[in-house]
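Quick look at start_0.pdb (PDB, C-alpha atoms, pLDDT in the B column):
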ATOM      1  CA  ALA A   1       0.000   0.000   0.000  1.00 51.00           C
ATOM      2  CA  ALA A   2       1.211   3.448  -0.770  1.00 49.00           C
ATOM      3  CA  ILE A   3       2.020   5.569   2.239  1.00 48.00           C
ATOM      4  CA  VAL A   4       0.936   9.123   2.592  1.00 49.00           C
ATOM      5  CA  GLY A   5       2.864  11.652   4.627  1.00 47.00           C
ATOM      6  CA  VAL A   6       3.430  14.975   2.950  1.00 39.00           C
ATOM      7  CA  THR A   7      -0.153  16.241   3.037  1.00 40.00           C
ATOM      8  CA  VAL A   8      -0.844  15.040   6.555  1.00 43.00           C
ATOM      9  CA  THR A   9       2.475  16.364   7.838  1.00 42.00           C
ATOM     10  CA  ALA A  10       1.401  19.850   6.781  1.00 40.00           C
ATOM     11  CA  ILE A  11      -1.388  19.649   9.369  1.00 42.00           C
ATOM     12  CA  PHE A  12       1.111  19.449  12.220  1.00 44.00           C
ATOM     13  CA  VAL A  13       1.855  23.158  12.374  1.00 40.00           C
ATOM     14  CA  SER A  14       2.451  24.663  15.770  1.00 41.00           C
ATOM     15  CA  THR A  15       0.346  27.594  16.880  1.00 37.00           C
ATOM     16  CA  LEU A  16       1.685  27.626  20.430  1.00 40.00           C
ATOM     17  CA  ARG A  17       4.781  29.482  21.462  1.00 41.00           C
ATOM     18  CA  GLN A  18       7.287  27.001  22.884  1.00 43.00           C
ATOM     19  CA  SER A  19       7.172  28.752  26.270  1.00 47.00           C
ATOM     20  CA  ASP A  20       3.427  27.981  26.511  1.00 68.00           C
ATOM     21  CA  ASP A  21       3.945  24.289  25.818  1.00 78.00           C
ATOM     22  CA  ALA A  22       4.420  22.051  28.886  1.00 81.00           C
ATOM     23  CA  PHE A  23       5.764  19.360  26.559  1.00 87.00           C
ATOM     24  CA  ALA A  24       8.216  21.547  24.597  1.00 84.00           C
ATOM     25  CA  ASP A  25      11.258  19.612  25.821  1.00 84.00           C
ATOM     26  CA  CYS A  26       9.716  16.330  24.658  1.00 91.00           C
ATOM     27  CA  ARG A  27       8.688  17.296  21.144  1.00 83.00           C
ATOM     28  CA  ALA A  28      10.454  16.227  17.985  1.00 77.00           C
ATOM     29  CA  SER A  29       7.619  17.661  15.893  1.00 65.00           C
ATOM     30  CA  ALA A  30       5.765  20.950  15.758  1.00 60.00           C
ATOM     31  CA  VAL A  31       2.245  20.157  16.891  1.00 51.00           C
ATOM     32  CA  SER A  32      -0.636  21.785  18.658  1.00 44.00           C
ATOM     33  CA  GLY A  33      -4.023  23.224  18.851  1.00 43.00           C
ATOM     34  CA  GLY A  34      -4.767  25.395  15.813  1.00 43.00           C
ATOM     35  CA  GLY A  35      -5.582  22.385  13.683  1.00 56.00           C
ATOM     36  CA  GLN A  36      -7.176  20.229  16.366  1.00 85.00           C
ATOM     37  CA  ILE A  37      -6.071  16.591  16.218  1.00 91.00           C
ATOM     38  CA  GLY A  38      -7.894  13.836  18.053  1.00 92.00           C
ATOM     39  CA  GLY A  39     -11.184  13.940  19.856  1.00 91.00           C
ATOM     40  CA  PRO A  40     -14.240  11.843  20.549  1.00 94.00           C
ATOM     41  CA  PHE A  41     -14.930   8.661  18.618  1.00 97.00           C
ATOM     42  CA  THR A  42     -17.324   5.724  18.782  1.00 98.00           C
ATOM     43  CA  LEU A  43     -16.059   2.413  17.400  1.00 98.00           C
ATOM     44  CA  VAL A  44     -16.469  -1.336  17.879  1.00 98.00           C
ATOM     45  CA  ASP A  45     -13.915  -3.358  19.837  1.00 98.00           C
ATOM     46  CA  GLU A  46     -12.665  -6.904  19.229  1.00 96.00           C
ATOM     47  CA  THR A  47     -15.573  -8.409  21.164  1.00 95.00           C
ATOM     48  CA  GLY A  48     -18.184  -6.564  19.095  1.00 97.00           C
ATOM     49  CA  LYS A  49     -18.916  -4.072  21.872  1.00 98.00           C
ATOM     50  CA  THR A  50     -19.436  -0.400  21.010  1.00 98.00           C
ATOM     51  CA  VAL A  51     -16.851   1.750  22.787  1.00 98.00           C
ATOM     52  CA  THR A  52     -15.905   5.417  22.896  1.00 97.00           C
ATOM     53  CA  ASP A  53     -12.576   7.173  23.200  1.00 97.00           C
ATOM     54  CA  LYS A  54     -13.243   7.468  26.960  1.00 96.00           C
ATOM     55  CA  ASP A  55     -13.429   3.664  27.214  1.00 97.00           C
ATOM     56  CA  VAL A  56     -10.240   3.135  25.181  1.00 97.00           C
ATOM     57  CA  ILE A  57      -7.891   5.951  26.212  1.00 97.00           C
ATOM     58  CA  THR A  58      -7.648   5.277  29.934  1.00 97.00           C
ATOM     59  CA  LYS A  59      -3.844   5.543  30.003  1.00 97.00           C
ATOM     60  CA  PRO A  60      -1.163   6.865  27.647  1.00 98.00           C
ATOM     61  CA  SER A  61      -1.965   5.320  24.265  1.00 98.00           C
ATOM     62  CA  LEU A  62      -0.160   4.827  20.963  1.00 98.00           C
ATOM     63  CA  ILE A  63      -2.846   4.893  18.272  1.00 98.00           C
ATOM     64  CA  TYR A  64      -2.305   3.646  14.718  1.00 98.00           C
ATOM     65  CA  PHE A  65      -4.792   3.743  11.844  1.00 98.00           C
ATOM     66  CA  GLY A  66      -4.297   0.915   9.342  1.00 97.00           C
ATOM     67  CA  TYR A  67      -5.808  -2.325   8.072  1.00 98.00           C
ATOM     68  CA  THR A  68      -5.170  -6.008   8.646  1.00 98.00           C
ATOM     69  CA  PHE A  69      -4.814  -6.925   4.965  1.00 97.00           C
ATOM     70  CA  CYS A  70      -1.983  -4.406   4.606  1.00 96.00           C
ATOM     71  CA  PRO A  71       0.904  -6.420   3.118  1.00 94.00           C
ATOM     72  CA  ASP A  72       3.830  -4.681   4.794  1.00 93.00           C
ATOM     73  CA  ILE A  73       3.522  -1.199   6.319  1.00 95.00           C
ATOM     74  CA  CYS A  74       0.877  -1.864   8.987  1.00 96.00           C
ATOM     75  CA  PRO A  75       2.437  -5.070  10.349  1.00 97.00           C
ATOM     76  CA  ALA A  76       5.870  -3.415  10.490  1.00 97.00           C
ATOM     77  CA  ASP A  77       4.627  -0.220  12.155  1.00 97.00           C
ATOM     78  CA  ASN A  78       2.488  -2.057  14.706  1.00 98.00           C
ATOM     79  CA  ALA A  79       5.315  -4.475  15.518  1.00 98.00           C
ATOM     80  CA  ARG A  80       7.550  -1.426  16.088  1.00 98.00           C
ATOM     81  CA  ASN A  81       4.889   0.112  18.345  1.00 98.00           C
ATOM     82  CA  ALA A  82       4.664  -3.154  20.297  1.00 98.00           C
ATOM     83  CA  VAL A  83       8.421  -3.141  20.900  1.00 98.00           C
ATOM     84  CA  ALA A  84       8.207   0.480  22.094  1.00 98.00           C
ATOM     85  CA  VAL A  85       5.425  -0.482  24.537  1.00 98.00           C
ATOM     86  CA  ASP A  86       7.559  -3.334  25.899  1.00 98.00           C
ATOM     87  CA  LEU A  87      10.569  -1.031  26.282  1.00 98.00           C
ATOM     88  CA  LEU A  88       8.383   1.415  28.181  1.00 98.00           C
ATOM     89  CA  LYS A  89       6.983  -1.362  30.385  1.00 98.00           C
ATOM     90  CA  ALA A  90      10.529  -2.377  31.303  1.00 98.00           C
ATOM     91  CA  ARG A  91      11.083   1.222  32.459  1.00 98.00           C
ATOM     92  CA  GLY A  92       7.897   1.239  34.544  1.00 98.00           C
ATOM     93  CA  TYR A  93       5.550   2.992  32.074  1.00 98.00           C
ATOM     94  CA  ASP A  94       2.116   1.544  31.294  1.00 98.00           C
ATOM     95  CA  VAL A  95       1.283   2.480  27.698  1.00 98.00           C
ATOM     96  CA  GLN A  96      -1.605   1.093  25.645  1.00 98.00           C
ATOM     97  CA  PRO A  97      -1.102   0.125  21.977  1.00 98.00           C
ATOM     98  CA  VAL A  98      -4.251   0.731  19.891  1.00 98.00           C
ATOM     99  CA  PHE A  99      -4.995  -0.313  16.298  1.00 98.00           C
ATOM    100  CA  ILE A 100      -7.932   1.337  14.488  1.00 98.00           C
ATOM    101  CA  SER A 101      -8.954  -0.259  11.200  1.00 98.00           C
ATOM    102  CA  ILE A 102      -9.643   1.954   8.208  1.00 97.00           C
ATOM    103  CA  ASP A 103     -11.038  -1.071   6.314  1.00 97.00           C
ATOM    104  CA  PRO A 104     -14.304  -1.889   8.105  1.00 96.00           C
ATOM    105  CA  LYS A 105     -15.614  -3.885   5.139  1.00 95.00           C
ATOM    106  CA  ARG A 106     -13.066  -6.657   5.700  1.00 96.00           C
ATOM    107  CA  ASP A 107     -11.881  -5.934   9.235  1.00 98.00           C
ATOM    108  CA  THR A 108     -14.583  -7.474  11.391  1.00 98.00           C
ATOM    109  CA  PRO A 109     -14.010  -7.618  15.162  1.00 98.00           C
ATOM    110  CA  ASP A 110     -12.752 -11.219  14.835  1.00 98.00           C
ATOM    111  CA  VAL A 111     -10.275 -10.308  12.077  1.00 98.00           C
ATOM    112  CA  VAL A 112      -9.006  -7.317  14.055  1.00 98.00           C
ATOM    113  CA  ALA A 113      -8.676  -9.490  17.180  1.00 98.00           C
ATOM    114  CA  ALA A 114      -6.502 -12.011  15.316  1.00 98.00           C
ATOM    115  CA  PHE A 115      -4.275  -9.186  14.037  1.00 98.00           C
ATOM    116  CA  THR A 116      -3.820  -7.429  17.383  1.00 98.00           C
ATOM    117  CA  ASP A 117      -3.302 -10.710  19.260  1.00 97.00           C
ATOM    118  CA  ALA A 118      -0.422 -11.467  16.894  1.00 97.00           C
ATOM    119  CA  MET A 119       1.044  -7.986  17.427  1.00 97.00           C
ATOM    120  CA  HIS A 120       0.921  -7.576  21.210  1.00 98.00           C
ATOM    121  CA  PRO A 121      -1.142  -9.172  24.008  1.00 97.00           C
ATOM    122  CA  ASP A 122      -2.234  -5.744  25.276  1.00 97.00           C
ATOM    123  CA  MET A 123      -3.081  -4.187  21.891  1.00 98.00           C
ATOM    124  CA  ILE A 124      -6.675  -2.990  21.583  1.00 98.00           C
ATOM    125  CA  GLY A 125      -8.212  -3.423  18.132  1.00 98.00           C
ATOM    126  CA  LEU A 126     -11.061  -1.252  16.918  1.00 98.00           C
ATOM    127  CA  THR A 127     -13.264  -1.257  13.834  1.00 98.00           C
ATOM    128  CA  GLY A 128     -16.838  -0.132  13.199  1.00 97.00           C
ATOM    129  CA  SER A 129     -19.212   1.011  10.512  1.00 97.00           C
ATOM    130  CA  GLU A 130     -17.867   2.977   7.559  1.00 97.00           C
ATOM    131  CA  GLU A 131     -19.329   6.107   9.135  1.00 97.00           C
ATOM    132  CA  GLN A 132     -17.759   5.447  12.542  1.00 98.00           C
ATOM    133  CA  VAL A 133     -14.346   4.768  11.026  1.00 97.00           C
ATOM    134  CA  ALA A 134     -14.560   7.848   8.803  1.00 97.00           C
ATOM    135  CA  ALA A 135     -15.444  10.017  11.823  1.00 97.00           C
ATOM    136  CA  ALA A 136     -12.497   8.686  13.868  1.00 97.00           C
ATOM    137  CA  SER A 137     -10.155   9.162  10.921  1.00 96.00           C
ATOM    138  CA  LYS A 138     -11.392  12.722  10.431  1.00 95.00           C
ATOM    139  CA  ALA A 139     -10.874  13.493  14.130  1.00 95.00           C
ATOM    140  CA  TYR A 140      -7.230  12.404  13.875  1.00 95.00           C
ATOM    141  CA  ARG A 141      -6.721  13.990  10.464  1.00 93.00           C
ATOM    142  CA  THR A 142      -5.718  10.690   8.846  1.00 94.00           C
ATOM    143  CA  TYR A 143      -6.032   9.851   5.176  1.00 93.00           C
ATOM    144  CA  TYR A 144      -7.145   6.611   3.544  1.00 96.00           C
ATOM    145  CA  LYS A 145      -8.463   5.606   0.138  1.00 96.00           C
ATOM    146  CA  ILE A 146      -9.177   2.217  -1.419  1.00 95.00           C
ATOM    147  CA  GLN A 147      -7.122   1.833  -4.586  1.00 94.00           C
ATOM    148  CA  ASP A 148      -9.583  -0.347  -6.548  1.00 95.00           C
ATOM    149  CA  PRO A 149     -12.897  -1.071  -4.788  1.00 91.00           C
ATOM    150  CA  ASN A 150     -13.780  -3.676  -7.434  1.00 93.00           C
ATOM    151  CA  ASP A 151     -10.731  -5.793  -6.605  1.00 95.00           C
ATOM    152  CA  PRO A 152     -11.558  -8.257  -3.786  1.00 91.00           C
ATOM    153  CA  TYR A 153      -7.894  -8.054  -2.733  1.00 94.00           C
ATOM    154  CA  TYR A 154      -7.838  -4.254  -2.840  1.00 97.00           C
ATOM    155  CA  LEU A 155      -5.101  -2.257  -1.167  1.00 96.00           C
ATOM    156  CA  VAL A 156      -5.703   0.940   0.785  1.00 96.00           C
ATOM    157  CA  ASP A 157      -3.509   4.024   0.568  1.00 96.00           C
ATOM    158  CA  HIS A 158      -3.260   5.547   4.031  1.00 96.00           C
ATOM    159  CA  SER A 159      -1.280   7.828   6.296  1.00 94.00           C
ATOM    160  CA  VAL A 160       1.189   6.062   8.555  1.00 94.00           C
ATOM    161  CA  PHE A 161       1.550   8.090  11.733  1.00 95.00           C
ATOM    162  CA  THR A 162       1.324   6.756  15.271  1.00 97.00           C
ATOM    163  CA  TYR A 163      -0.371   9.162  17.667  1.00 96.00           C
ATOM    164  CA  LEU A 164       0.476   9.564  21.340  1.00 97.00           C
ATOM    165  CA  VAL A 165      -2.708  10.400  23.236  1.00 96.00           C
ATOM    166  CA  LEU A 166      -2.878  11.063  26.976  1.00 96.00           C
ATOM    167  CA  PRO A 167      -6.168  10.629  28.876  1.00 95.00           C
ATOM    168  CA  LYS A 168      -6.303  14.188  30.241  1.00 92.00           C
ATOM    169  CA  GLN A 169      -4.394  16.122  27.573  1.00 92.00           C
ATOM    170  CA  GLY A 170      -5.565  14.274  24.452  1.00 93.00           C
ATOM    171  CA  PHE A 171      -3.260  14.172  21.428  1.00 94.00           C
ATOM    172  CA  VAL A 172       0.240  15.422  22.228  1.00 93.00           C
ATOM    173  CA  GLU A 173       2.632  13.951  19.630  1.00 94.00           C
ATOM    174  CA  PHE A 174       2.969  11.845  16.527  1.00 93.00           C
ATOM    175  CA  PHE A 175       5.632   9.411  15.371  1.00 95.00           C
ATOM    176  CA  ASN A 176       6.535   8.646  11.782  1.00 93.00           C
ATOM    177  CA  ARG A 177       7.906   5.527  10.145  1.00 92.00           C
ATOM    178  CA  ASN A 178      11.523   6.566  10.693  1.00 93.00           C
ATOM    179  CA  ASP A 179      11.221   6.641  14.482  1.00 96.00           C
ATOM    180  CA  SER A 180      12.788   3.590  16.134  1.00 97.00           C
ATOM    181  CA  PRO A 181      11.170   1.815  19.098  1.00 98.00           C
ATOM    182  CA  GLU A 182      13.894   3.254  21.330  1.00 98.00           C
ATOM    183  CA  GLU A 183      13.272   6.810  20.104  1.00 96.00           C
ATOM    184  CA  MET A 184       9.543   6.353  20.617  1.00 97.00           C
ATOM    185  CA  ALA A 185      10.043   4.997  24.133  1.00 98.00           C
ATOM    186  CA  ASP A 186      12.285   7.921  25.086  1.00 97.00           C
ATOM    187  CA  ARG A 187       9.826  10.518  23.803  1.00 96.00           C
ATOM    188  CA  VAL A 188       6.738   8.808  25.244  1.00 97.00           C
ATOM    189  CA  ALA A 189       8.439   8.601  28.650  1.00 97.00           C
ATOM    190  CA  CYS A 190       9.221  12.309  28.459  1.00 96.00           C
ATOM    191  CA  PHE A 191       5.574  13.170  27.709  1.00 96.00           C
ATOM    192  CA  VAL A 192       4.234  10.922  30.451  1.00 96.00           C
ATOM    193  CA  ASP A 193       6.652  12.422  32.983  1.00 95.00           C
ATOM    194  CA  ALA A 194       5.818  15.979  31.898  1.00 93.00           C
ATOM    195  CA  ALA A 195       2.099  15.270  32.164  1.00 91.00           C
ATOM    196  CA  GLY A 196       2.603  14.357  35.814  1.00 83.00           C
TER     197      GLY A 196
END
Target format C-alpha cells, applied to this file:
Amino acid sequence: AAIVGVTVTAIFVSTLRQSDDAFADCRASAVSGGGQIGGPFTLVDETGKTVTDKDVITKPSLIYFGYTFCPDICPADNARNAVAVDLLKARGYDVQPVFISIDPKRDTPDVVAAFTDAMHPDMIGLTGSEEQVAAASKAYRTYYKIQDPNDPYYLVDHSVFTYLVLPKQGFVEFFNRNDSPEEMADRVACFVDAAG
C-alpha cells in the first residue's frame, strides 16, 4: 500500500509558542491546537462491543490507523509500536497500543482481534461502521483511500503516523515511520513524565 505523509504532515503546524507548551522539551515535531487533532470517537472493539474514546484511552496510548490486509507497512509499524510499549513497560511505564482499522468492510471484530493478538497481548483493536471509522479518521486527520474497490484483494492508501494520546491532555505527539522503538520509548516517557 502506498504511504501518505506529505499532506498530513502539513497539518502538524504549531500555533503555540514554545514557552506555553508544557511538553516543549519532549517534542520532535511541531504540533498543537490550531488544527485540532484527536477527539471523541465511537467504534467497535474486538468483542463486538461499542466503545468510545473514553473507554479506550484510559492511560497513555499509541494509536495507529491501518488495516489487517496491509501487506507490509501496517504489520511493520504495529510491531515497532509493540516493541516500544515493551521497552516502556521495562522502564515502569504503562502504555496502551491501539490499532484502528480503516477497512471496516473486511476488518470485522474477529479479524481485528486475530491481528492485534499477533502484534501484542495488550493491543486494543477497533473497527466499526464505515461512518464510525470515517469520523475517527477525520478526528485524527488521517487519510485513507481504497485503490480499486472492485478488486476483492484491494489495497488501501493511508497515512502512517502513530499518535500519542494522553487521557487528560488528548493528542500530544505523533511518530513517523523513521522513528525507532527506542526513540519512541524515550519521547513517550518524556511526555508521560511531563504530564505528571
Grab the CA of Asp53 (chain A) to CA of Ser129 (chain A) distance for me, in Å with one decimal place.
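Separation between CA of Asp53 (chain A) and CA of Ser129 (chain A): 15.6 Å.
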Could you expand the PyMOL selection byres ((chain A and resi 128) around 8) into the explicit residues it covers here, written as a ChimeraX atom specification?
/A:43-45,104,108,126-127,129-133
Take the PyMOL selection byres ((chain A and resi 154) around 12), apply it to the structure above, and return the hits as a list in words.
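Applying the PyMOL selection byres ((chain A and resi 154) around 12) to the structure shown produces Ala1, Tyr67, Thr68, Phe69, Cys70, Pro71, Asp103, Lys105, Arg106, Lys145, Ile146, Gln147, Asp148, Pro149, Asn150, Asp151, Pro152, Tyr153, Leu155, Val156 and Asp157 of chain A.
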Selection from above, C-alpha atoms, as a PDB file, keeping the file's coordinate frame, can you write it?
ATOM      1  CA  ALA A   1       0.000   0.000   0.000  1.00 51.00           C
ATOM      2  CA  TYR A  67      -5.808  -2.325   8.072  1.00 98.00           C
ATOM      3  CA  THR A  68      -5.170  -6.008   8.646  1.00 98.00           C
ATOM      4  CA  PHE A  69      -4.814  -6.925   4.965  1.00 97.00           C
ATOM      5  CA  CYS A  70      -1.983  -4.406   4.606  1.00 96.00           C
ATOM      6  CA  PRO A  71       0.904  -6.420   3.118  1.00 94.00           C
ATOM      7  CA  ASP A 103     -11.038  -1.071   6.314  1.00 97.00           C
ATOM      8  CA  LYS A 105     -15.614  -3.885   5.139  1.00 95.00           C
ATOM      9  CA  ARG A 106     -13.066  -6.657   5.700  1.00 96.00           C
ATOM     10  CA  LYS A 145      -8.463   5.606   0.138  1.00 96.00           C
ATOM     11  CA  ILE A 146      -9.177   2.217  -1.419  1.00 95.00           C
ATOM     12  CA  GLN A 147      -7.122   1.833  -4.586  1.00 94.00           C
ATOM     13  CA  ASP A 148      -9.583  -0.347  -6.548  1.00 95.00           C
ATOM     14  CA  PRO A 149     -12.897  -1.071  -4.788  1.00 91.00           C
ATOM     15  CA  ASN A 150     -13.780  -3.676  -7.434  1.00 93.00           C
ATOM     16  CA  ASP A 151     -10.731  -5.793  -6.605  1.00 95.00           C
ATOM     17  CA  PRO A 152     -11.558  -8.257  -3.786  1.00 91.00           C
ATOM     18  CA  TYR A 153      -7.894  -8.054  -2.733  1.00 94.00           C
ATOM     19  CA  LEU A 155      -5.101  -2.257  -1.167  1.00 96.00           C
ATOM     20  CA  VAL A 156      -5.703   0.940   0.785  1.00 96.00           C
ATOM     21  CA  ASP A 157      -3.509   4.024   0.568  1.00 96.00           C
TER      22      ASP A 157
END
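Pairwise distance (CA of Asp21 (chain A), CA of Ala194 (chain A)) equals 10.5 Å.
Once the PyMOL selection byres ((chain A and resi 143) around 7) is applied to this file, the selection holds A:Arg141, A:Thr142, A:Tyr144, A:His158, A:Ser159.
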Do you have, as a Markdown table, the list of residues of region 112-183 of chain A lying at most 10 Å from region 77-84 of chain A, each with its nearest atom pair and that distance in Å to one decimal, counting only C-alpha atoms and ordered by chain then number?
| residue | atom | partner | partner_atom | distance |
| --- | --- | --- | --- | --- |
| A:Phe115 | CA | A:Asn78 | CA | 9.8 |
| A:Thr116 | CA | A:Asn78 | CA | 8.7 |
| A:Ala118 | CA | A:Ala79 | CA | 9.1 |
| A:Met119 | CA | A:Ala79 | CA | 5.8 |
| A:His120 | CA | A:Ala82 | CA | 5.9 |
| A:Pro121 | CA | A:Ala82 | CA | 9.1 |
| A:Asp122 | CA | A:Ala82 | CA | 8.9 |
| A:Met123 | CA | A:Ala82 | CA | 8.0 |
| A:Val160 | CA | A:Asp77 | CA | 8.0 |
| A:Phe161 | CA | A:Asp77 | CA | 8.9 |
| A:Thr162 | CA | A:Asn81 | CA | 8.1 |
| A:Phe175 | CA | A:Asn81 | CA | 9.8 |
| A:Asn176 | CA | A:Asp77 | CA | 9.1 |
| A:Arg177 | CA | A:Asp77 | CA | 6.9 |
| A:Asn178 | CA | A:Asp77 | CA | 9.8 |
| A:Asp179 | CA | A:Arg80 | CA | 9.0 |
| A:Ser180 | CA | A:Arg80 | CA | 7.3 |
| A:Pro181 | CA | A:Ala84 | CA | 4.4 |
| A:Glu182 | CA | A:Ala84 | CA | 6.4 |
| A:Glu183 | CA | A:Ala84 | CA | 8.3 |
For the selection just defined, write its residues with C-alpha atoms to a file, as a CSV table (one decimal), in the coordinates of the input.
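File written: selection_25.csv
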chain,number,residue,atom,x,y,z
A,115,PHE,CA,-4.3,-9.2,14.0
A,116,THR,CA,-3.8,-7.4,17.4
A,118,ALA,CA,-0.4,-11.5,16.9
A,119,MET,CA,1.0,-8.0,17.4
A,120,HIS,CA,0.9,-7.6,21.2
A,121,PRO,CA,-1.1,-9.2,24.0
A,122,ASP,CA,-2.2,-5.7,25.3
A,123,MET,CA,-3.1,-4.2,21.9
A,160,VAL,CA,1.2,6.1,8.6
A,161,PHE,CA,1.6,8.1,11.7
A,162,THR,CA,1.3,6.8,15.3
A,175,PHE,CA,5.6,9.4,15.4
A,176,ASN,CA,6.5,8.6,11.8
A,177,ARG,CA,7.9,5.5,10.1
A,178,ASN,CA,11.5,6.6,10.7
A,179,ASP,CA,11.2,6.6,14.5
A,180,SER,CA,12.8,3.6,16.1
A,181,PRO,CA,11.2,1.8,19.1
A,182,GLU,CA,13.9,3.3,21.3
A,183,GLU,CA,13.3,6.8,20.1
Here is a test: counting all atoms listed in the file, which residue of A:Cys74, A:Ala22, A:Ala185, A:Ile57 is nearest to Leu166 (chain A)?
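Of all the options, A:Ile57 lies closest to Leu166 (chain A).
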Identify which of the residues A:Val188, A:Ala28, A:Val172, A:Ala134 lies closest to Ile102 (chain A), counting all atoms listed in the file when measuring atom-to-atom distances.
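The shortest atom-to-atom distance to Ile102 (chain A) comes from A:Ala134.
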Of the candidates A:Asp55, A:Asp110, A:Asp25, A:Glu46, which shows the shortest atom-to-atom distance to Ile124 (chain A), using only C-alpha atoms?
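Counting only C-alpha atoms, the residue closest to Ile124 (chain A) is A:Glu46.
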Can you list, as a ChimeraX atom specification, every protein, DNA or RNA residue that comes within 6 Å of Phe171 (chain A) when you count only C-alpha atoms, leaving out same-chain residues fewer than 2 positions away?
/A:38,164-165
What gap, in Å, lies between CA of Gly48 (chain A) and CA of Ala113 (chain A)?
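These two atoms are separated by 10.1 Å.
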Looking at only C-alpha atoms, which of A:Ala90, A:Asp72, A:Lys138, A:Pro109 is the one that sits closest to Lys49 (chain A)?
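Looking at the shortest contact to Lys49 (chain A), the residue is A:Pro109.
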At a cut-off of 9 Å, using only C-alpha atoms, what residues contact Arg27 (chain A)? Leave out same-chain residues fewer than 5 positions from it and give the result as a list in words.
Val172, Glu173, Arg187, Cys190 and Phe191 of chain A
Report, as AutoDock Vina command-line options, the axis-aligned box around all atoms of region 65-70 of chain A present in the file, extended by 5 Å on each side; give centre and edge lengths in Å to one decimal place.
--center_x -3.9 --center_y -1.6 --center_z 8.2 --size_x 13.8 --size_y 20.7 --size_z 17.2
Can you write region 55-67 of chain A from the block above with N, CA and C atoms, as a short mmCIF file (atom, residue, chain, number, x, y, z; two decimals), in the first residue's frame?
data_model
loop_
_atom_site.label_atom_id
_atom_site.label_comp_id
_atom_site.auth_asym_id
_atom_site.auth_seq_id
_atom_site.Cartn_x
_atom_site.Cartn_y
_atom_site.Cartn_z
N ASP A 55 -13.61 5.07 26.82
CA ASP A 55 -13.43 3.66 27.21
C ASP A 55 -12.04 3.15 26.84
N VAL A 56 -11.49 3.65 25.74
CA VAL A 56 -10.24 3.14 25.18
C VAL A 56 -9.02 3.85 25.75
N ILE A 57 -9.07 5.17 25.81
CA ILE A 57 -7.89 5.95 26.21
C ILE A 57 -7.95 6.22 27.71
N THR A 58 -7.63 5.18 28.48
CA THR A 58 -7.65 5.28 29.93
C THR A 58 -6.24 5.44 30.51
N LYS A 59 -5.25 5.35 29.64
CA LYS A 59 -3.84 5.54 30.00
C LYS A 59 -3.13 6.02 28.75
N PRO A 60 -1.87 6.43 28.85
CA PRO A 60 -1.16 6.86 27.65
C PRO A 60 -1.30 5.81 26.55
N SER A 61 -1.66 6.25 25.35
CA SER A 61 -1.97 5.32 24.26
C SER A 61 -1.24 5.70 22.99
N LEU A 62 -0.74 4.67 22.29
CA LEU A 62 -0.16 4.83 20.96
C LEU A 62 -1.18 4.32 19.96
N ILE A 63 -1.75 5.23 19.18
CA ILE A 63 -2.85 4.89 18.27
C ILE A 63 -2.35 4.88 16.83
N TYR A 64 -2.70 3.80 16.12
CA TYR A 64 -2.30 3.65 14.72
C TYR A 64 -3.54 3.31 13.89
N PHE A 65 -3.71 4.02 12.77
CA PHE A 65 -4.79 3.74 11.84
C PHE A 65 -4.23 2.93 10.67
N GLY A 66 -4.77 1.76 10.43
CA GLY A 66 -4.30 0.92 9.34
C GLY A 66 -5.33 -0.15 9.00
N TYR A 67 -4.88 -1.24 8.39
CA TYR A 67 -5.81 -2.32 8.07
C TYR A 67 -5.08 -3.65 8.08
#
